[in-house]
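Visitor: Next up, protein09.cif (mmCIF, C-alpha atoms).
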data_data
loop_
_atom_site.label_atom_id
_atom_site.label_comp_id
_atom_site.auth_asym_id
_atom_site.auth_seq_id
_atom_site.Cartn_x
_atom_site.Cartn_y
_atom_site.Cartn_z
CA MET A 26 8.61 34.80 23.96
CA LYS A 27 11.57 35.12 21.57
CA LYS A 28 11.94 31.34 21.58
CA ILE A 29 8.26 30.94 20.77
CA LEU A 30 8.48 33.45 17.93
CA LEU A 31 11.63 31.78 16.62
CA ALA A 32 9.97 28.38 16.70
CA ALA A 33 6.96 29.79 14.85
CA MET A 34 9.20 31.31 12.21
CA ILE A 35 11.07 28.02 11.76
CA GLY A 36 7.76 26.19 11.45
CA LEU A 37 6.57 28.69 8.85
CA ALA A 38 9.79 28.30 6.90
CA SER A 39 9.44 24.53 7.01
CA SER A 40 5.89 24.72 5.70
CA HIS A 41 7.23 26.62 2.69
CA ALA A 42 10.22 24.34 2.15
CA ILE A 43 8.41 22.88 -0.86
CA ALA A 44 8.83 25.20 -3.83
CA GLN A 45 5.49 26.36 -5.17
CA ASP A 46 7.02 26.35 -8.65
CA LEU A 47 8.09 22.78 -9.40
CA LYS A 48 10.22 21.92 -12.42
CA PHE A 49 9.68 18.40 -13.72
CA ALA A 50 12.09 16.71 -16.12
CA THR A 51 10.76 14.03 -18.49
CA GLU A 52 11.73 12.27 -21.72
CA ALA A 53 8.81 13.05 -24.01
CA THR A 54 9.03 10.32 -26.66
CA TYR A 55 7.38 7.57 -24.64
CA ALA A 56 3.66 7.53 -25.40
CA PRO A 57 1.28 7.08 -23.70
CA PHE A 58 3.27 8.13 -20.63
CA GLU A 59 4.85 11.28 -22.10
CA TYR A 60 4.95 12.62 -25.65
CA MET A 61 4.84 15.83 -27.68
CA ASP A 62 1.45 16.77 -29.13
CA ALA A 63 0.72 18.58 -32.42
CA ASN A 64 1.29 21.92 -30.67
CA ASN A 65 4.71 20.81 -29.37
CA GLN A 66 3.38 20.56 -25.82
CA ILE A 67 4.32 17.70 -23.49
CA GLN A 68 1.32 15.45 -22.79
CA GLY A 69 0.67 11.96 -21.46
CA PHE A 70 -0.41 9.86 -18.49
CA ASP A 71 2.59 10.87 -16.36
CA ILE A 72 2.05 14.54 -17.15
CA ASP A 73 -1.63 14.43 -16.20
CA ILE A 74 -0.78 12.61 -12.96
CA ALA A 75 1.87 15.24 -12.15
CA LYS A 76 -0.59 18.06 -12.89
CA ALA A 77 -3.16 16.47 -10.57
CA LEU A 78 -0.53 16.17 -7.84
CA CYS A 79 0.52 19.79 -8.32
CA SER A 80 -3.09 20.93 -8.09
CA GLU A 81 -3.48 19.00 -4.85
CA MET A 82 -0.24 20.55 -3.54
CA LYS A 83 -1.27 24.03 -4.76
CA ALA A 84 1.97 24.20 -6.75
CA THR A 85 2.63 25.49 -10.24
CA CYS A 86 4.44 22.91 -12.38
CA THR A 87 6.41 23.08 -15.59
CA PHE A 88 7.69 20.19 -17.69
CA HIS A 89 11.03 20.02 -19.48
CA ASN A 90 12.06 17.49 -22.12
CA GLN A 91 15.42 15.80 -21.42
CA ALA A 92 17.23 12.65 -22.56
CA PHE A 93 16.25 9.76 -20.31
CA ASP A 94 19.81 8.95 -19.24
CA SER A 95 20.28 12.58 -18.13
CA LEU A 96 17.30 12.65 -15.75
CA ILE A 97 18.95 11.27 -12.63
CA PRO A 98 22.17 13.31 -13.07
CA ALA A 99 20.03 16.43 -13.52
CA LEU A 100 18.24 15.71 -10.24
CA LYS A 101 21.51 15.08 -8.43
CA PHE A 102 22.77 18.48 -9.60
CA LYS A 103 19.41 20.04 -8.60
CA ARG A 104 18.62 21.36 -12.07
CA TYR A 105 15.07 20.09 -11.62
CA ASP A 106 12.87 19.38 -8.62
CA ALA A 107 11.57 16.03 -9.83
CA ALA A 108 11.54 13.62 -12.75
CA ILE A 109 8.42 11.80 -13.93
CA SER A 110 9.20 9.68 -16.95
CA ALA A 111 7.93 6.10 -16.66
CA MET A 112 10.91 5.45 -14.39
CA ASP A 113 11.02 2.06 -12.68
CA ILE A 114 11.90 2.14 -8.99
CA THR A 115 15.03 -0.01 -8.71
CA GLU A 116 17.59 -0.58 -5.99
CA ALA A 117 20.36 0.89 -8.17
CA ARG A 118 18.40 4.08 -8.78
CA GLN A 119 17.41 4.36 -5.12
CA GLN A 120 21.09 4.67 -4.30
CA GLN A 121 21.18 7.89 -6.33
CA VAL A 122 17.74 9.49 -5.88
CA SER A 123 14.63 9.11 -3.75
CA PHE A 124 11.28 8.00 -5.12
CA SER A 125 7.66 8.68 -4.35
CA ASN A 126 5.33 5.79 -3.77
CA THR A 127 4.47 3.78 -6.89
CA TYR A 128 1.98 5.49 -9.20
CA TYR A 129 1.90 2.81 -11.94
CA ASP A 130 2.53 -0.95 -11.84
CA ASN A 131 4.73 -2.11 -14.68
CA ALA A 132 5.81 -5.03 -16.85
CA ALA A 133 7.91 -5.20 -20.03
CA ALA A 134 7.53 -6.90 -23.39
CA PHE A 135 9.54 -7.80 -26.48
CA VAL A 136 8.10 -6.96 -29.87
CA SER A 137 9.37 -7.73 -33.37
CA LEU A 138 8.17 -7.67 -36.94
CA LYS A 139 5.68 -10.45 -37.52
CA GLY A 140 7.36 -13.80 -38.20
CA HIS A 141 10.86 -12.48 -37.57
CA VAL A 142 11.45 -13.80 -34.02
CA THR A 143 9.32 -16.70 -32.83
CA ASP A 144 10.05 -16.71 -29.08
CA GLN A 145 12.42 -15.21 -26.50
CA ALA A 146 14.91 -18.07 -26.86
CA ALA A 147 15.22 -17.12 -30.54
CA LEU A 148 16.52 -13.69 -29.48
CA ASN A 149 19.93 -15.24 -28.72
CA GLY A 150 22.45 -13.74 -31.09
CA LYS A 151 20.00 -11.02 -32.08
CA ARG A 152 20.07 -7.22 -31.66
CA VAL A 153 17.36 -5.70 -29.47
CA GLY A 154 16.64 -1.99 -29.21
CA VAL A 155 16.29 -0.41 -25.76
CA GLN A 156 16.33 3.10 -24.36
CA ASN A 157 19.74 4.10 -23.06
CA GLY A 158 19.85 4.11 -19.25
CA SER A 159 16.61 2.13 -18.91
CA THR A 160 15.88 -0.96 -16.84
CA HIS A 161 15.21 -2.76 -20.14
CA GLN A 162 18.85 -2.21 -21.10
CA SER A 163 20.00 -3.46 -17.67
CA TYR A 164 17.76 -6.53 -17.87
CA ILE A 165 19.14 -7.67 -21.23
CA THR A 166 22.74 -6.95 -20.20
CA ASP A 167 22.38 -8.85 -16.92
CA GLN A 168 19.91 -11.62 -17.75
CA MET A 169 20.34 -12.26 -21.49
CA PRO A 170 24.08 -12.16 -22.24
CA ALA A 171 23.59 -13.86 -25.62
CA VAL A 172 21.44 -10.91 -26.75
CA THR A 173 22.95 -7.59 -27.85
CA ALA A 174 21.20 -4.60 -26.29
CA VAL A 175 21.35 -1.70 -28.75
CA PRO A 176 20.85 1.61 -26.88
CA TYR A 177 18.80 4.46 -28.35
CA THR A 178 18.08 7.97 -27.16
CA SER A 179 14.39 7.33 -27.82
CA TYR A 180 12.19 4.33 -28.58
CA GLN A 181 10.93 6.10 -31.68
CA ASP A 182 14.39 5.65 -33.20
CA ALA A 183 14.52 2.01 -32.10
CA PHE A 184 11.11 1.32 -33.64
CA ILE A 185 12.15 2.90 -36.97
CA ASP A 186 15.36 0.84 -37.02
CA MET A 187 13.39 -2.34 -36.35
CA GLN A 188 11.06 -1.55 -39.25
CA ASN A 189 14.10 -1.02 -41.47
CA GLY A 190 15.75 -4.28 -40.40
CA ARG A 191 18.67 -2.74 -38.50
CA ILE A 192 17.66 -4.48 -35.27
CA ASP A 193 15.62 -7.62 -34.66
CA ALA A 194 13.31 -6.56 -31.84
CA VAL A 195 12.54 -3.85 -29.30
CA PHE A 196 12.14 -4.31 -25.54
CA GLY A 197 9.94 -1.76 -23.75
CA ASP A 198 7.13 -1.24 -21.27
CA THR A 199 3.95 -3.14 -22.09
CA ALA A 200 1.80 0.01 -22.30
CA VAL A 201 4.24 1.65 -24.71
CA VAL A 202 4.45 -1.45 -26.90
CA ALA A 203 0.64 -1.69 -26.89
CA GLU A 204 0.52 1.89 -28.16
CA TRP A 205 2.52 0.85 -31.24
CA PHE A 206 -0.05 -1.85 -32.00
CA LYS A 207 -2.87 0.69 -31.66
CA LYS A 208 -1.27 3.06 -34.17
CA GLY A 209 -2.03 0.85 -37.15
CA ASN A 210 0.95 -1.51 -36.80
CA GLY A 211 -0.95 -4.53 -35.54
CA ASP A 212 -0.64 -6.37 -38.86
CA LYS A 213 3.14 -5.82 -38.93
CA LEU A 214 4.12 -6.55 -35.31
CA SER A 215 3.97 -9.45 -32.90
CA TYR A 216 4.85 -9.95 -29.25
CA VAL A 217 7.84 -12.18 -28.55
CA GLY A 218 6.92 -14.44 -25.66
CA LYS A 219 5.13 -13.36 -22.50
CA PRO A 220 5.58 -10.07 -20.60
CA VAL A 221 8.61 -9.88 -18.33
CA THR A 222 7.85 -9.12 -14.66
CA ASN A 223 11.24 -9.65 -13.02
CA ALA A 224 10.88 -7.80 -9.70
CA LYS A 225 14.49 -6.64 -9.63
CA TYR A 226 13.95 -4.60 -12.79
CA PHE A 227 10.20 -4.01 -13.21
CA GLY A 228 8.38 -5.28 -10.12
CA ASN A 229 8.33 -2.06 -8.08
CA GLY A 230 6.46 0.05 -10.62
CA PHE A 231 7.01 3.66 -11.63
CA GLY A 232 7.84 6.42 -9.16
CA ILE A 233 8.58 10.14 -9.23
CA ALA A 234 12.30 10.69 -8.69
CA VAL A 235 13.57 13.46 -6.40
CA ASN A 236 16.97 14.58 -5.12
CA LYS A 237 17.83 12.70 -1.92
CA ASP A 238 18.14 15.99 -0.03
CA ASN A 239 14.47 16.81 -0.60
CA GLN A 240 12.59 14.27 1.50
CA ALA A 241 9.95 16.92 2.24
CA LEU A 242 8.99 16.91 -1.45
CA VAL A 243 8.75 13.11 -1.47
CA LYS A 244 6.33 13.28 1.46
CA GLN A 245 4.28 15.94 -0.34
CA PHE A 246 4.05 13.79 -3.46
CA ASN A 247 3.01 10.74 -1.43
CA LYS A 248 0.33 12.70 0.41
CA ALA A 249 -1.01 14.17 -2.84
CA LEU A 250 -0.91 10.77 -4.58
CA ALA A 251 -2.98 9.22 -1.79
CA ALA A 252 -5.44 12.11 -2.11
CA ILE A 253 -5.99 11.80 -5.88
CA LYS A 254 -6.42 8.04 -5.53
CA ALA A 255 -9.01 8.59 -2.80
CA ASN A 256 -11.00 11.26 -4.67
CA GLY A 257 -11.13 9.41 -8.00
CA GLN A 258 -8.85 11.67 -10.03
CA TYR A 259 -6.21 8.99 -10.45
CA GLN A 260 -8.70 6.41 -11.74
CA ALA A 261 -10.19 8.89 -14.20
CA ILE A 262 -6.74 9.67 -15.63
CA PHE A 263 -5.84 5.97 -15.75
CA GLU A 264 -9.02 5.07 -17.65
CA GLN A 265 -8.41 7.91 -20.12
CA TYR A 266 -5.15 6.29 -21.21
CA PHE A 267 -5.58 2.57 -20.47
CA GLY A 268 -9.31 1.95 -20.28
CA LYS A 269 -11.23 0.27 -17.47
#
Can I see the file as structure tokens?

Guide:
Amino acid sequence: MKKILLAAMIGLASSHAIAQDLKFATEATYAPFEYMDANNQIQGFDIDIAKALCSEMKATCTFHNQAFDSLIPALKFKRYDAAISAMDITEARQQQVSFSNTYYDNAAAFVSLKGHVTDQAALNGKRVGVQNGSTHQSYITDQMPAVTAVPYTSYQDAFIDMQNGRIDAVFGDTAVVAEWFKKGNGDKLSYVGKPVTNAKYFGNGFGIAVNKDNQALVKQFNKALAAIKANGQYQAIFEQYFGK
């Protein structure tokens, strides 16, 4: 009987291994995925997806704004339970943290001021703004050695510097770049070449990052993600930000 009771207690403890109060880290200058609204609250596609997952998991979630290049170290030191911040699932990152299943398929694009850079070959010798610690920075460093990757804490700063002529172009996720065009900059900006879909850097999509010790949380996220895709919540959130 004692063994049965002990087993039941262990099972109960395991069922509560997932904290009901989950702390998410994010870098909130990356609209439409995450950004600060007029009330200084973190909003965006990623945030709404995380809230839907938390509702499915019956967990209370909070969101904390952090520099992008600090997200993985913060998870490794267990300062946060998870990071959702338009983070590409890459082999290098998987060596440091675990990821949920993909919640958004991704590609990247170069953008410059209209008439400034004609095609991607013309980027040789130029300065391109990227977010520090991002796959965009890694891609340029590895695949475009004739291009100087200029790291920024946020893409907002990179975009301002491009407008002021301090850099020649910016390299970011296609949805983020598209957001800049929507905000009244369409007459000033142009895409440089076609979107980049190199699988090593962008082909696996975005995932929620979690400390490697917390595989139970990864499983919970995957189960909840499958549920919100099945019940239509995911599609409704997607269409809110990206259309049909």

Visitor: Would you please work out which residue, of A:Ser179, A:Asn256, A:Pro170, A:Pro57, is nearest to Val202 of chain A when using all atoms listed in the file?

Guide: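 Going through A:Ser179, A:Asn256, A:Pro170, A:Pro57 one by one, the smallest distance to Val202 of chain A is for A:Pro57.
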
Visitor: Segment 148-161 of chain A: which residues within 7 Å, counting only C-alpha atoms, same-chain residues fewer than 4 positions away excluded, as a VMD selection string?

Guide: chain A and resid 93 to 94 142 165 171 to 180 183 192 to 197 226

Visitor: Pick out the residues sitting within 6 Å of segment 71-78 of chain A, and hand them over as a list of chain:residue names; count only C-alpha atoms, and ignore anything fewer than 3 positions along from it in its own chain.

Guide: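 Contacts, in chain order: A:Phe58, A:Gln68, A:Glu81, A:Ala249.
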
Visitor: Please determine, counting only C-alpha atoms, which residue among A:Asn223, A:Gln162, A:Gln168, A:Asn247 has the shortest atom-to-atom distance to Asn126 of chain A.

Guide: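 Between A:Asn223, A:Gln162, A:Gln168, A:Asn247, the residue approaching Asn126 of chain A most closely is A:Asn247.
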
Visitor: Please expand the PyMOL selection byres ((chain A and resi 131-135) around 9) into the concrete residues it hits in this file, giving the result as a VMD selection string.

Guide: chain A and resid 113 129 to 130 136 to 137 145 153 161 194 to 200 202 215 to 223 227 to 231

Visitor: Would you save the residues from that selection as a short mmCIF file (atom, residue, chain, number, x, y, z; two decimals), in the frame of the given file, using C-alpha atoms?

Guide:
data_model
loop_
_atom_site.label_atom_id
_atom_site.label_comp_id
_atom_site.auth_asym_id
_atom_site.auth_seq_id
_atom_site.Cartn_x
_atom_site.Cartn_y
_atom_site.Cartn_z
CA ASP A 113 11.02 2.06 -12.68
CA TYR A 129 1.90 2.81 -11.94
CA ASP A 130 2.53 -0.95 -11.84
CA VAL A 136 8.10 -6.96 -29.87
CA SER A 137 9.37 -7.73 -33.37
CA GLN A 145 12.42 -15.21 -26.50
CA VAL A 153 17.36 -5.70 -29.47
CA HIS A 161 15.21 -2.76 -20.14
CA ALA A 194 13.31 -6.56 -31.84
CA VAL A 195 12.54 -3.85 -29.30
CA PHE A 196 12.14 -4.31 -25.54
CA GLY A 197 9.94 -1.76 -23.75
CA ASP A 198 7.13 -1.24 -21.27
CA THR A 199 3.95 -3.14 -22.09
CA ALA A 200 1.80 0.01 -22.30
CA VAL A 202 4.45 -1.45 -26.90
CA SER A 215 3.97 -9.45 -32.90
CA TYR A 216 4.85 -9.95 -29.25
CA VAL A 217 7.84 -12.18 -28.55
CA GLY A 218 6.92 -14.44 -25.66
CA LYS A 219 5.13 -13.36 -22.50
CA PRO A 220 5.58 -10.07 -20.60
CA VAL A 221 8.61 -9.88 -18.33
CA THR A 222 7.85 -9.12 -14.66
CA ASN A 223 11.24 -9.65 -13.02
CA PHE A 227 10.20 -4.01 -13.21
CA GLY A 228 8.38 -5.28 -10.12
CA ASN A 229 8.33 -2.06 -8.08
CA GLY A 230 6.46 0.05 -10.62
CA PHE A 231 7.01 3.66 -11.63
#

Visitor: Excluding segment 109-111 of chain A and residues on its chain fewer than 5 positions from it, collect all residues at most 7 Å away from it, counting only C-alpha atoms, and give them as a short mmCIF file (atom, residue, chain, number, x, y, z; two decimals) with C-alpha atoms, in the coordinates of the input.

Guide:
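part-v1.cif, written as the output of this step:
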data_model
loop_
_atom_site.label_atom_id
_atom_site.label_comp_id
_atom_site.auth_asym_id
_atom_site.auth_seq_id
_atom_site.Cartn_x
_atom_site.Cartn_y
_atom_site.Cartn_z
CA PHE A 49 9.68 18.40 -13.72
CA ALA A 50 12.09 16.71 -16.12
CA THR A 51 10.76 14.03 -18.49
CA GLU A 52 11.73 12.27 -21.72
CA PHE A 58 3.27 8.13 -20.63
CA GLU A 59 4.85 11.28 -22.10
CA ASP A 71 2.59 10.87 -16.36
CA PHE A 231 7.01 3.66 -11.63
CA ILE A 233 8.58 10.14 -9.23
CA ALA A 234 12.30 10.69 -8.69
#

Visitor: What does the structure give for the distance between atom CA of Lys48 of chain A and atom CA of Ala107 of chain A, in Å to one decimal?

Guide: 6.6 Å

Visitor: Taking every listed atom of segment 111-119 of chain A and adding 8 Å to each side, what centre and edge lengths in Å (one decimal) does the axis-aligned box have, as JSON?

Guide:
{"center_x": 14.1, "center_y": 2.8, "center_z": -10.9, "size_x": 28.4, "size_y": 22.7, "size_z": 27.5}

Visitor: Would you mind putting back N, CA and C atoms on segment 134-147 of chain A, then writing it out as a PDB file, in the frame of the given file?

Guide:
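Written out: result-v5.pdb:
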ATOM      1  N   ALA A 134       7.817  -5.936 -22.327  1.00  0.00           N
ATOM      2  CA  ALA A 134       7.530  -6.900 -23.390  1.00  0.00           C
ATOM      3  C   ALA A 134       8.485  -6.715 -24.561  1.00  0.00           C
ATOM      4  N   PHE A 135       8.783  -7.829 -25.225  1.00  0.00           N
ATOM      5  CA  PHE A 135       9.540  -7.800 -26.480  1.00  0.00           C
ATOM      6  C   PHE A 135       8.562  -7.762 -27.645  1.00  0.00           C
ATOM      7  N   VAL A 136       8.918  -7.005 -28.663  1.00  0.00           N
ATOM      8  CA  VAL A 136       8.100  -6.960 -29.870  1.00  0.00           C
ATOM      9  C   VAL A 136       9.031  -6.996 -31.075  1.00  0.00           C
ATOM     10  N   SER A 137       8.576  -7.672 -32.138  1.00  0.00           N
ATOM     11  CA  SER A 137       9.370  -7.730 -33.370  1.00  0.00           C
ATOM     12  C   SER A 137       8.423  -7.662 -34.558  1.00  0.00           C
ATOM     13  N   LEU A 138       8.997  -7.585 -35.737  1.00  0.00           N
ATOM     14  CA  LEU A 138       8.170  -7.670 -36.940  1.00  0.00           C
ATOM     15  C   LEU A 138       7.597  -9.078 -37.032  1.00  0.00           C
ATOM     16  N   LYS A 139       6.394  -9.182 -37.490  1.00  0.00           N
ATOM     17  CA  LYS A 139       5.680 -10.450 -37.520  1.00  0.00           C
ATOM     18  C   LYS A 139       6.491 -11.516 -38.261  1.00  0.00           C
ATOM     19  N   GLY A 140       6.651 -12.682 -37.597  1.00  0.00           N
ATOM     20  CA  GLY A 140       7.360 -13.800 -38.200  1.00  0.00           C
ATOM     21  C   GLY A 140       8.861 -13.728 -38.129  1.00  0.00           C
ATOM     22  N   HIS A 141       9.399 -12.648 -37.574  1.00  0.00           N
ATOM     23  CA  HIS A 141      10.860 -12.480 -37.570  1.00  0.00           C
ATOM     24  C   HIS A 141      11.514 -13.218 -36.404  1.00  0.00           C
ATOM     25  N   VAL A 142      10.927 -13.109 -35.207  1.00  0.00           N
ATOM     26  CA  VAL A 142      11.450 -13.800 -34.020  1.00  0.00           C
ATOM     27  C   VAL A 142      10.292 -14.567 -33.392  1.00  0.00           C
ATOM     28  N   THR A 143      10.443 -15.864 -33.253  1.00  0.00           N
ATOM     29  CA  THR A 143       9.320 -16.700 -32.830  1.00  0.00           C
ATOM     30  C   THR A 143       9.098 -16.707 -31.327  1.00  0.00           C
ATOM     31  N   ASP A 144      10.178 -16.713 -30.541  1.00  0.00           N
ATOM     32  CA  ASP A 144      10.050 -16.710 -29.080  1.00  0.00           C
ATOM     33  C   ASP A 144      11.298 -16.068 -28.473  1.00  0.00           C
ATOM     34  N   GLN A 145      11.313 -15.910 -27.146  1.00  0.00           N
ATOM     35  CA  GLN A 145      12.420 -15.210 -26.500  1.00  0.00           C
ATOM     36  C   GLN A 145      13.743 -15.969 -26.622  1.00  0.00           C
ATOM     37  N   ALA A 146      13.683 -17.294 -26.685  1.00  0.00           N
ATOM     38  CA  ALA A 146      14.910 -18.070 -26.860  1.00  0.00           C
ATOM     39  C   ALA A 146      15.554 -17.762 -28.213  1.00  0.00           C
ATOM     40  N   ALA A 147      14.717 -17.424 -29.196  1.00  0.00           N
ATOM     41  CA  ALA A 147      15.220 -17.120 -30.540  1.00  0.00           C
ATOM     42  C   ALA A 147      15.895 -15.748 -30.613  1.00  0.00           C
TER      43      ALA A 147
END
